[in-house]
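Contents: one structure, followed by commentary.
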Amino acid sequence: MALKRALDDLVKYSGELKKTNTELEERVEHRTTELRATVKELEFINTLLQQEIKNKEEAVLALKESQQMLETIAVNFPNGMMSVLDRDFRYLYAQGQEIKNLGLSQEELIGHQFLPLRNEKVREEVKELLIKNFEGEIISFEYKNPDNNNYYLLNVAPLRNSENETSQVLVVSQNISALKKAEYEIRKSLERERELNDMKSRFVSMASHEFRTPLAAILSSASLISKYNNPDDDPKRIKHINTINSTVSNLTEIMNDFLSLGKTAEGKVHNKPVE
């Protein structure tokens with residue numbers, strides 16, 4: 001009996017062991033499936049992370065290239081300077097060829113105020129305009145530096161932060177002295193052209209008067225000659241004919257004078273003074 005009971009217990013234990021083994025196999029298979037899914041998810045996340053890292057590296061590289069390009073543009077900005085100012089009007093950034101033209105260096109500007117570099121005669125005016133810029137206005141103005149008599153064109157734009165507040169301003173300053181000089185020369189040329197046109201107008205008016213008088217005399221004499229038909233009127237006709245000849249001669253001289261003036265204006269007449 002004891003042997004039978006032990007055999008039954010062994011059979012029962014074997015069944016339970018088989019059942020437990022089956023359950024363990026099912027759990028292992030389920031866990032393996034879960035692990036495979038987790039591994040696939042991790043592989044997908046890793047792929048996304050690698051792509052994100054690649055995108056960030058490309059963005060950083062593009063940003064560096066953009067910054068380098070902007071820096072190159074700023075450094076080689078002709079006859080001018082690009083600078084960034086804070087609310088205390090201190091230089092945060094400054095580049096451009098005009099820095100060297102002023103006998104300064106970038107190190108001498110960074111951290112120092114913008115306004116003291118401007119002559120005191122225009123300092124307050126520039127300060128008021130910059131304050132308007134910090135209030136959000138985009139401004140552009142010209143001023144003359146009394147220290148070196150150079151003309152400058154300033155274009156100032158607000159730089160807003162993430163909270164849409166103007167914490168800095170971009171100042172693009174350009175030396176326009178050469179343009180001002182060219183403008184002055186053009187105005188002088190226009191003024192000379194205007195004076196020349198006035199002289200031509202007066203000349204034409206004078207010429208009209210000078211020609212009108214002898215022509216009127218010729219017309220009058222010709223009209224009187226036509227009235228003297230009798231032989232006794234010969235002295236009168238001769239007198240008027242002489243008047244016509246004299247007037248034509250004077251008219252020819254006037255014409256020659258005008259032609260001489262024209263040749264002089266065209267540079268065809270050269271002055272050759274002699275003792």
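Scheme for the structure tokens: letters A, B, ... for chains in order shown; per-chain residue numbers from 1; ligand numbers from 1 in order shown.
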- Those in stretch 15-230 of chain A with strand (DSSP E) from DSSP, as a PyMOL selection string: chain A and resi 80-85+91-95+139-145+150-160+166-175
Report as a Markdown table the residues of stretch 116-192 of chain A within 12 Å of stretch 97-108 of chain A, each with its shortest atom pair and distance in Å (one decimal), using only C-alpha atoms, ordered by chain and increasing residue number.
| residue | atom | partner | partner_atom | distance |
| --- | --- | --- | --- | --- |
| A:Leu117 | CA | A:Leu102 | CA | 10.1 |
| A:Arg118 | CA | A:Leu102 | CA | 11.7 |
| A:Asn145 | CA | A:Leu102 | CA | 11.8 |
| A:Asp147 | CA | A:Leu102 | CA | 11.0 |
| A:Asn148 | CA | A:Leu102 | CA | 9.6 |
| A:Asn150 | CA | A:Leu102 | CA | 10.8 |
| A:Tyr152 | CA | A:Glu98 | CA | 10.6 |
| A:Val172 | CA | A:Glu98 | CA | 11.1 |
| A:Ser173 | CA | A:Glu98 | CA | 8.7 |
| A:Gln174 | CA | A:Glu98 | CA | 7.9 |
| A:Asn175 | CA | A:Glu98 | CA | 7.5 |
| A:Ile176 | CA | A:Glu98 | CA | 11.2 |
- Task: Extract, using only C-alpha atoms, all DNA, RNA and protein residues at most 9 Å from A:Leu130, discarding same-chain residues fewer than 2 positions from it, and format them as number ranges by chain.
- Result: A: 89, 125-128, 132-135, 139, 156, 169
Please produce an output containing N, CA, C and O atoms for each residue in the selection, written as an mmCIF file, in the first residue's frame.
data_model
loop_
_atom_site.group_PDB
_atom_site.id
_atom_site.type_symbol
_atom_site.label_atom_id
_atom_site.label_comp_id
_atom_site.auth_asym_id
_atom_site.auth_seq_id
_atom_site.Cartn_x
_atom_site.Cartn_y
_atom_site.Cartn_z
ATOM 1 N N PHE A 89 23.354 101.056 -24.734
ATOM 2 C CA PHE A 89 24.090 101.553 -25.899
ATOM 3 C C PHE A 89 25.545 101.086 -25.883
ATOM 4 O O PHE A 89 26.438 101.794 -26.345
ATOM 5 N N GLU A 125 20.946 113.809 -30.486
ATOM 6 C CA GLU A 125 20.053 113.468 -31.590
ATOM 7 C C GLU A 125 20.107 111.968 -31.886
ATOM 8 O O GLU A 125 19.070 111.322 -32.070
ATOM 9 N N VAL A 126 21.321 111.418 -31.911
ATOM 10 C CA VAL A 126 21.479 109.978 -32.162
ATOM 11 C C VAL A 126 20.849 109.168 -31.033
ATOM 12 O O VAL A 126 20.184 108.148 -31.261
ATOM 13 N N LYS A 127 21.022 109.630 -29.803
ATOM 14 C CA LYS A 127 20.466 108.925 -28.649
ATOM 15 C C LYS A 127 18.944 108.865 -28.720
ATOM 16 O O LYS A 127 18.337 107.820 -28.469
ATOM 17 N N GLU A 128 18.302 109.973 -29.067
ATOM 18 C CA GLU A 128 16.844 109.998 -29.175
ATOM 19 C C GLU A 128 16.350 109.030 -30.248
ATOM 20 O O GLU A 128 15.341 108.342 -30.065
ATOM 21 N N LYS A 132 13.974 105.508 -29.808
ATOM 22 C CA LYS A 132 12.807 105.173 -30.619
ATOM 23 C C LYS A 132 12.945 103.775 -31.202
ATOM 24 O O LYS A 132 11.962 103.030 -31.301
ATOM 25 N N ASN A 133 14.180 103.417 -31.566
ATOM 26 C CA ASN A 133 14.404 102.091 -32.119
ATOM 27 C C ASN A 133 14.151 101.007 -31.080
ATOM 28 O O ASN A 133 13.590 99.954 -31.388
ATOM 29 N N PHE A 134 14.563 101.249 -29.833
ATOM 30 C CA PHE A 134 14.299 100.277 -28.773
ATOM 31 C C PHE A 134 12.805 100.168 -28.481
ATOM 32 O O PHE A 134 12.358 99.175 -27.914
ATOM 33 N N GLU A 135 12.058 101.170 -28.880
ATOM 34 C CA GLU A 135 10.606 101.121 -28.724
ATOM 35 C C GLU A 135 9.944 100.375 -29.878
ATOM 36 O O GLU A 135 8.728 100.228 -29.900
ATOM 37 N N ILE A 139 14.520 102.765 -37.998
ATOM 38 C CA ILE A 139 14.882 104.130 -38.339
ATOM 39 C C ILE A 139 16.071 104.161 -39.281
ATOM 40 O O ILE A 139 16.883 103.233 -39.319
ATOM 41 N N VAL A 156 18.973 101.418 -38.483
ATOM 42 C CA VAL A 156 18.886 100.752 -37.185
ATOM 43 C C VAL A 156 17.593 99.945 -37.123
ATOM 44 O O VAL A 156 16.514 100.461 -37.443
ATOM 45 N N VAL A 169 19.710 96.143 -30.515
ATOM 46 C CA VAL A 169 19.438 96.764 -31.812
ATOM 47 C C VAL A 169 20.620 96.531 -32.741
ATOM 48 O O VAL A 169 21.771 96.466 -32.310
#
- So which one's closest to A:Leu251, A:Leu129, A:Leu109, A:Ile238, A:Leu215? Using only C-alpha atoms, please.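 The answer is A:Leu215, which sits nearest to A:Leu251.
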- Expected answer as JSON, numbers by chain: alpha helix (DSSP H) residues in stretch 58-273 of chain A: {"A": [58, 59, 60, 61, 62, 63, 64, 65, 66, 67, 68, 69, 70, 71, 72, 73, 74, 75, 97, 98, 99, 100, 101, 106, 107, 108, 109, 120, 121, 122, 123, 124, 125, 126, 127, 128, 129, 130, 131, 132, 133, 134, 177, 178, 179, 180, 181, 182, 183, 184, 185, 186, 187, 188, 189, 190, 191, 192, 193, 194, 195, 196, 197, 198, 199, 200, 201, 202, 203, 204, 205, 206, 207, 208, 209, 210, 211, 212, 213, 214, 215, 216, 217, 218, 219, 220, 221, 222, 223, 224, 225, 234, 235, 236, 237, 238, 239, 240, 241, 242, 243, 244, 245, 246, 247, 248, 249, 250, 251, 252, 253, 254, 255, 256, 257, 258, 259, 260, 261, 262, 263, 264, 265]}
- Task: Using atom CA of A:Pro158 and atom CA of A:Leu170 as the two end points, give the distance in Å to one decimal.
- Result: 6.3 Å
- Query: Which of these, A:Gln168, A:Val28, A:Ile244, A:Glu142, has the shortest distance to A:Ala222 once you count only C-alpha atoms?
  - Reply: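 Distance minimum relative to A:Ala222 lands on A:Ile244.
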- Query: Which one of A:Val248, A:Leu92, A:Leu259, A:Ala157 sits closest to A:Ile218 if you count only C-alpha atoms?
  - Reply: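 The closest residue to A:Ile218 is A:Val248.
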- Query: Pick from A:Asn230, A:Asn256, A:Ser220, A:Asn164: nearest to A:Thr243, with only C-alpha atoms counted?
  - Reply: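 Counting only C-alpha atoms, the residue closest to A:Thr243 is A:Ser220.
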- Query: Closest to A:Ala217 among A:Arg194, A:Thr247, A:Pro235, A:Val204, using only C-alpha atoms?
  - Reply: A:Thr247
